[in-house]
file upload.cif (mmCIF, C-alpha atoms and all ligand atoms)
data_target
#
loop_
_atom_site.label_atom_id
_atom_site.label_comp_id
_atom_site.auth_asym_id
_atom_site.auth_seq_id
_atom_site.Cartn_x
_atom_site.Cartn_y
_atom_site.Cartn_z
CA MET A 1 -20.42 15.55 49.78
CA THR A 2 -17.10 13.77 49.94
CA LEU A 3 -16.25 10.28 51.11
CA SER A 4 -16.07 9.46 54.82
CA ALA A 5 -12.78 8.38 56.39
CA ALA A 6 -14.25 4.86 56.66
CA GLN A 7 -14.99 4.80 52.91
CA VAL A 8 -11.46 5.97 52.07
CA GLU A 9 -10.06 3.30 54.37
CA ALA A 10 -12.29 0.62 52.79
CA TYR A 11 -11.20 1.70 49.30
CA LYS A 12 -7.52 1.44 50.24
CA ARG A 13 -8.09 -2.00 51.72
CA ASP A 14 -10.52 -3.52 49.18
CA GLY A 15 -9.72 -1.54 46.02
CA TYR A 16 -13.33 -0.53 45.39
CA LEU A 17 -16.46 1.16 46.74
CA ASN A 18 -20.03 0.46 45.72
CA ALA A 19 -23.49 2.05 45.61
CA ILE A 20 -22.58 5.73 45.88
CA ASP A 21 -25.63 7.88 45.09
CA VAL A 22 -24.96 10.50 42.43
CA ILE A 23 -28.25 11.58 40.88
CA GLU A 24 -31.96 10.92 41.41
CA GLU A 25 -35.04 11.09 39.22
CA PRO A 26 -35.84 12.93 37.00
CA GLN A 27 -32.16 13.30 36.01
CA VAL A 28 -31.63 9.53 35.94
CA THR A 29 -34.28 9.22 33.23
CA ARG A 30 -33.02 12.31 31.42
CA TYR A 31 -29.52 10.82 31.15
CA ARG A 32 -30.87 7.40 30.17
CA GLN A 33 -32.93 9.01 27.39
CA ALA A 34 -29.87 10.93 26.22
CA PHE A 35 -28.04 7.61 25.98
CA ASP A 36 -31.04 5.98 24.24
CA ASP A 37 -30.89 8.72 21.59
CA LEU A 38 -27.17 8.18 21.05
CA GLU A 39 -27.69 4.42 20.88
CA ALA A 40 -30.50 4.86 18.32
CA ARG A 41 -28.17 7.01 16.19
CA VAL A 42 -25.14 4.71 16.20
CA GLY A 43 -26.90 1.30 16.52
CA THR A 44 -26.43 -1.35 19.19
CA GLU A 45 -23.42 -2.94 17.52
CA THR A 46 -21.41 0.25 17.99
CA ALA A 47 -23.09 1.19 21.27
CA GLN A 48 -22.09 -2.13 22.84
CA ILE A 49 -18.41 -1.20 23.30
CA GLY A 50 -17.58 1.34 20.58
CA LEU A 51 -18.55 4.58 22.30
CA VAL A 52 -15.22 5.90 23.53
CA ASP A 53 -14.69 9.56 24.52
CA TYR A 54 -18.10 10.74 23.41
CA HIS A 55 -17.95 13.41 26.14
CA PHE A 56 -16.32 15.60 23.47
CA GLU A 57 -19.51 15.28 21.45
CA LYS A 58 -22.32 14.75 23.97
CA LYS A 59 -22.81 17.19 26.81
CA PHE A 60 -24.68 14.74 29.06
CA ILE A 61 -21.56 12.53 29.26
CA TRP A 62 -19.39 15.52 30.18
CA GLU A 63 -21.97 16.55 32.81
CA LEU A 64 -21.74 13.10 34.39
CA ALA A 65 -17.94 12.97 34.18
CA THR A 66 -17.69 16.32 35.96
CA HIS A 67 -20.53 15.80 38.43
CA PRO A 68 -19.39 17.32 41.78
CA THR A 69 -20.34 14.21 43.77
CA ILE A 70 -18.20 12.01 41.53
CA LEU A 71 -15.28 14.45 41.47
CA ASP A 72 -15.43 14.89 45.27
CA ALA A 73 -15.12 11.12 45.67
CA ILE A 74 -12.29 10.88 43.12
CA GLU A 75 -10.47 13.78 44.77
CA ALA A 76 -10.75 12.07 48.17
CA LEU A 77 -9.00 9.02 46.67
CA ILE A 78 -6.35 10.44 44.31
CA GLY A 79 -5.84 14.03 45.40
CA PRO A 80 -6.88 17.52 44.30
CA ASN A 81 -5.57 17.67 40.71
CA VAL A 82 -7.59 15.34 38.54
CA LEU A 83 -7.63 14.64 34.79
CA LEU A 84 -10.51 12.93 33.04
CA LEU A 85 -8.57 10.34 31.03
CA ALA A 86 -11.44 8.83 29.02
CA THR A 87 -15.09 7.81 29.00
CA HIS A 88 -16.32 4.50 27.64
CA PHE A 89 -19.74 2.83 27.60
CA PHE A 90 -20.01 -0.91 28.34
CA ASN A 91 -23.31 -2.31 27.13
CA LYS A 92 -24.60 -5.84 27.36
CA TYR A 93 -27.87 -6.46 25.57
CA GLY A 94 -28.45 -10.07 26.56
CA GLU A 95 -29.90 -11.10 23.21
CA GLY A 96 -29.11 -12.00 19.60
CA ASP A 97 -25.47 -12.10 18.52
CA GLN A 98 -24.48 -10.22 21.65
CA ALA A 99 -26.02 -12.64 24.16
CA GLU A 100 -22.68 -14.11 25.21
CA ALA A 101 -20.93 -10.77 25.68
CA PHE A 102 -18.98 -10.68 28.92
CA VAL A 103 -15.95 -8.96 30.39
CA ALA A 104 -13.05 -11.26 31.27
CA TRP A 105 -11.15 -10.85 34.54
CA HIS A 106 -8.64 -8.07 34.07
CA GLN A 107 -6.92 -5.03 35.48
CA ASP A 108 -7.57 -1.75 33.69
CA VAL A 109 -4.09 -0.25 33.66
CA THR A 110 -2.19 -3.24 32.22
CA PHE A 111 -2.40 -1.97 28.63
CA TRP A 112 -2.96 1.70 29.22
CA GLY A 113 0.67 2.85 28.89
CA LEU A 114 0.57 4.96 32.07
CA GLU A 115 3.60 5.66 34.25
CA PRO A 116 3.12 5.00 37.09
CA PRO A 117 0.24 2.65 36.22
CA LEU A 118 -2.28 4.50 38.33
CA ALA A 119 -5.87 5.24 37.34
CA ILE A 120 -9.28 5.07 38.93
CA THR A 121 -12.71 4.37 37.41
CA ALA A 122 -16.17 5.54 38.41
CA TRP A 123 -18.69 3.14 36.83
CA TYR A 124 -21.98 5.01 36.40
CA ALA A 125 -25.13 2.90 36.07
CA VAL A 126 -27.24 4.21 33.18
CA ASP A 127 -29.59 1.25 33.74
CA ASN A 128 -30.19 -0.73 36.90
CA SER A 129 -27.38 -3.25 37.05
CA ASP A 130 -27.84 -6.53 38.92
CA VAL A 131 -26.72 -10.14 38.99
CA GLU A 132 -29.26 -11.17 36.34
CA ASN A 133 -28.17 -8.61 33.74
CA GLY A 134 -24.45 -9.04 34.43
CA CYS A 135 -23.38 -6.39 36.93
CA MET A 136 -19.70 -5.75 37.56
CA GLN A 137 -17.82 -8.19 39.76
CA VAL A 138 -14.58 -7.56 41.62
CA ILE A 139 -12.03 -9.67 43.46
CA PRO A 140 -11.47 -7.65 46.64
CA SER A 141 -7.96 -6.51 47.56
CA THR A 142 -6.31 -7.82 44.38
CA HIS A 143 -5.05 -4.28 43.67
CA VAL A 144 -2.26 -4.81 46.21
CA SER A 145 -0.47 -7.23 43.84
CA GLY A 146 0.42 -4.51 41.32
CA VAL A 147 0.25 -5.03 37.56
CA LEU A 148 -0.18 -8.70 36.59
CA GLU A 149 0.55 -10.56 33.38
CA HIS A 150 -2.48 -11.04 31.13
CA GLY A 151 -3.09 -13.73 28.52
CA LYS A 152 -5.87 -14.11 25.94
CA ALA A 153 -9.41 -15.10 26.94
CA GLN A 154 -10.46 -18.54 25.65
CA GLN A 155 -14.20 -17.94 25.95
CA VAL A 156 -15.90 -16.17 23.01
CA GLY A 157 -17.55 -12.79 23.66
CA ASN A 158 -14.94 -10.89 25.69
CA LEU A 159 -15.65 -7.17 25.25
CA LEU A 160 -12.12 -6.08 26.12
CA SER A 161 -10.04 -4.29 23.50
CA VAL A 162 -7.25 -6.85 23.07
CA ASN A 163 -9.22 -9.88 24.36
CA GLN A 164 -7.08 -9.83 27.49
CA GLU A 165 -7.69 -11.93 30.57
CA VAL A 166 -5.79 -12.43 33.78
CA HIS A 167 -5.57 -15.99 35.06
CA MET A 168 -7.60 -16.67 38.21
CA THR A 169 -7.45 -19.66 40.47
CA PRO A 170 -10.86 -21.24 41.27
CA ALA A 171 -10.44 -20.02 44.86
CA GLN A 172 -9.88 -16.44 43.69
CA ALA A 173 -12.87 -16.60 41.32
CA ALA A 174 -15.01 -17.94 44.18
CA SER A 175 -14.22 -14.83 46.21
CA ALA A 176 -15.77 -12.52 43.57
CA VAL A 177 -18.16 -9.87 44.87
CA ASP A 178 -21.12 -8.58 42.83
CA LEU A 179 -21.55 -4.82 42.55
CA PRO A 180 -25.26 -4.25 41.88
CA LEU A 181 -26.24 -0.63 41.27
CA ARG A 182 -29.43 1.33 40.93
CA ALA A 183 -29.43 3.64 37.89
CA GLY A 184 -27.94 6.94 39.05
CA GLN A 185 -25.36 5.34 41.35
CA ILE A 186 -21.66 4.62 40.82
CA SER A 187 -19.11 2.11 41.94
CA ILE A 188 -15.44 3.09 42.02
CA HIS A 189 -12.51 0.79 41.39
CA ASP A 190 -8.74 0.98 41.39
CA GLY A 191 -7.02 0.45 38.02
CA THR A 192 -5.15 -2.58 39.35
CA LEU A 193 -8.18 -4.28 40.95
CA ILE A 194 -9.16 -7.50 39.14
CA HIS A 195 -12.72 -7.18 37.86
CA GLY A 196 -15.02 -8.37 35.08
CA SER A 197 -18.65 -9.27 34.43
CA LEU A 198 -20.75 -12.22 33.29
CA PRO A 199 -23.13 -12.34 30.30
CA ASN A 200 -26.49 -10.61 30.59
CA ARG A 201 -29.05 -13.36 31.23
CA SER A 202 -32.04 -11.02 31.31
CA GLN A 203 -34.14 -9.29 28.66
CA ARG A 204 -33.02 -5.92 30.02
CA ARG A 205 -30.12 -3.84 28.71
CA ARG A 206 -27.23 -3.30 31.10
CA CYS A 207 -25.58 -0.02 30.26
CA GLY A 208 -22.66 1.32 32.28
CA LEU A 209 -20.59 4.42 31.61
CA THR A 210 -16.98 4.13 32.75
CA LEU A 211 -15.33 7.41 33.73
CA ARG A 212 -11.55 7.11 33.96
CA TYR A 213 -9.46 9.54 36.00
CA VAL A 214 -5.77 10.03 36.82
CA PRO A 215 -3.89 12.48 39.02
CA THR A 216 -2.04 15.09 36.96
CA TRP A 217 1.40 13.69 37.89
CA VAL A 218 0.77 10.43 35.98
CA ARG A 219 2.17 10.47 32.44
CA GLN A 220 1.73 8.47 29.25
CA ALA A 221 4.86 6.39 28.65
CA ASP A 222 3.42 4.26 25.85
CA VAL A 223 0.33 4.15 23.61
CA ASN A 224 -2.82 2.64 25.13
CA SER A 225 -4.60 -0.56 24.03
CA PHE A 226 -6.35 1.38 21.25
CA GLY A 227 -2.87 2.21 19.93
CA ASP A 228 -3.54 5.82 20.77
CA ARG A 229 -2.70 8.61 23.19
CA TRP A 230 -5.21 9.61 25.87
CA LYS A 231 -7.14 12.83 25.35
CA ALA A 232 -6.98 13.87 29.00
CA VAL A 233 -8.77 17.01 30.23
CA ILE A 234 -8.40 18.73 33.59
CA VAL A 235 -11.64 18.41 35.59
CA ARG A 236 -10.54 19.34 39.13
CA GLY A 237 -7.70 21.50 40.48
CA THR A 238 -4.80 22.59 38.29
CA ASP A 239 -2.51 20.81 35.88
CA THR A 240 1.00 22.10 36.47
CA GLU A 241 2.68 19.02 34.96
CA MET A 242 0.89 19.10 31.57
CA ASN A 243 1.93 15.48 31.00
CA PHE A 244 -0.88 14.96 28.49
CA GLY A 245 -0.51 18.35 26.84
CA GLU A 246 -3.10 21.09 26.96
CA ARG A 247 -6.65 20.36 25.95
CA GLU A 248 -9.67 22.65 26.28
CA ARG A 249 -12.66 21.51 28.25
CA PRO A 250 -15.22 20.53 25.56
CA TRP A 251 -18.15 22.21 27.25
CA ALA A 252 -18.25 25.46 29.21
CA MET A 253 -19.95 24.82 32.55
O1 LIG B 1 -18.96 -2.96 32.52
C1 LIG B 1 -18.40 -4.02 32.74
O2 LIG B 1 -19.00 -5.08 32.84
C2 LIG B 1 -16.91 -4.05 32.92
C3 LIG B 1 -16.31 -2.70 33.01
C4 LIG B 1 -14.84 -2.74 33.07
O3 LIG B 1 -14.22 -3.72 32.82
C5 LIG B 1 -14.10 -1.55 33.43
O4 LIG B 1 -14.64 -0.62 33.99
O5 LIG B 1 -12.89 -1.55 33.18
#
call {"tool": "encode", "arguments": {"input": "upload.cif", "output": "structure tokens", "more": "lines below"}}
Ligand SMILES: O=C(O)CCC(=O)C(=O)O
result
Amino acid sequence: MTLSAAQVEAYKRDGYLNAIDVIEEPQVTRYRQAFDDLEARVGTETAQIGLVDYHFEKKFIWELATHPTILDAIEALIGPNVLLLATHFFNKYGEGDQAEAFVAWHQDVTFWGLEPPLAITAWYAVDNSDVENGCMQVIPSTHVSGVLEHGKAQQVGNLLSVNQEVHMTPAQAASAVDLPLRAGQISIHDGTLIHGSLPNRSQRRRCGLTLRYVPTWVRQADVNSFGDRWKAVIVRGTDTEMNFGERERPWAM
């Protein structure tokens, strides 16, 4: 399955797509349990935002990042030669010290050091994600403005790596669209689309796995917001540019 022409058109116009079915039961539960096991091992403090690039260690993350339905959609949007740039879990537990955790309005690529600043994210719902537990929100069509200046968030609890936030007018914030997802679905967003999410006001965990992709012709001009270089791996097509060096696929599949 690939995206329809109407979906590609909508993505170009709005900067995102929502509610794309990827897997069904029993795989949804199998992947959730695999995450539960990882969470139990590292603890919720780390699991909240500290699980970066665990696809090198955990096969279920690699399986999701290379799922044909996801890669077909990514290929339809950025072309045939695709690198997996990174994977990163975003968890909001809605209780205890983490109750106020939120994600401030931002663009992904601002601090990623990419040239050109082009990346795309598939956000995979490990748990059902809805308004009550703080699903992703986007400001449609903001990707057309290019990379914007970010300041620091004033509100405590921002999960972003350098506490970044892009200023929004009240009118812009009022045009936010919720992206609810059933576990097993993805949304996709452009790296320059303004997005964020509110605190989890439920008793249910909200776990999302972000899968970041770039076309092979993008290169790393600077370190990313972790002060590091991306560990990109080819997941579709061929990498003739080798802009991120050569890296073996972590799992044979
Ligand atoms: O999971 C969230 O609430 C936000 C995710 C996000 O900011 C991202 O995908 O860059």
call {"tool": "residues_near_ligand", "arguments": {"input": "upload.cif", "ligand": "ligand LIG 1 (chain B)", "cutoff": "8 Å", "atoms": "only C-alpha atoms and all ligand atoms", "output": "PyMOL selection string"}}
result
chain A and resi 89-92+102-108+121-123+134-137+160+189+191+195-198+207-210
call {"tool": "residues_around", "arguments": {"input": "upload.cif", "residues": "A:Glu248", "least_positions_apart": "5", "cutoff": "12 Å", "atoms": "all atoms listed in the file", "output": "PyMOL selection string"}}
result
chain A and resi 56+83-84+231-235
call {"tool": "residues_near_point", "arguments": {"input": "upload.cif", "point": "(-29.5, 7.9, 37.7)", "cutoff": "6 Å", "atoms": "all atoms listed in the file", "output": "ChimeraX atom specification"}}
result
/A:23-24,28,183-184
call {"tool": "closest_residue", "arguments": {"input": "upload.cif", "among": "A:Gln172, A:Gln7, A:Gln48, A:Gln185", "to": "A:Phe35", "atoms": "only C-alpha atoms"}}
result
A:Gln48
call {"tool": "closest_residue", "arguments": {"input": "upload.cif", "among": "A:Asp127, A:Glu95, A:Glu57, A:Glu246", "to": "A:Trp230", "atoms": "all atoms listed in the file"}}
result
A:Glu246
call {"tool": "atom_distance", "arguments": {"input": "upload.cif", "atom1": "atom CA of A:Gly96", "atom2": "atom CA of A:Arg30"}}
result
27.3 Å
call {"tool": "closest_residue", "arguments": {"input": "upload.cif", "among": "A:Thr29, A:Ala65, A:Ala173, A:Val147", "to": "A:Glu115", "atoms": "all atoms listed in the file"}}
result
A:Val147
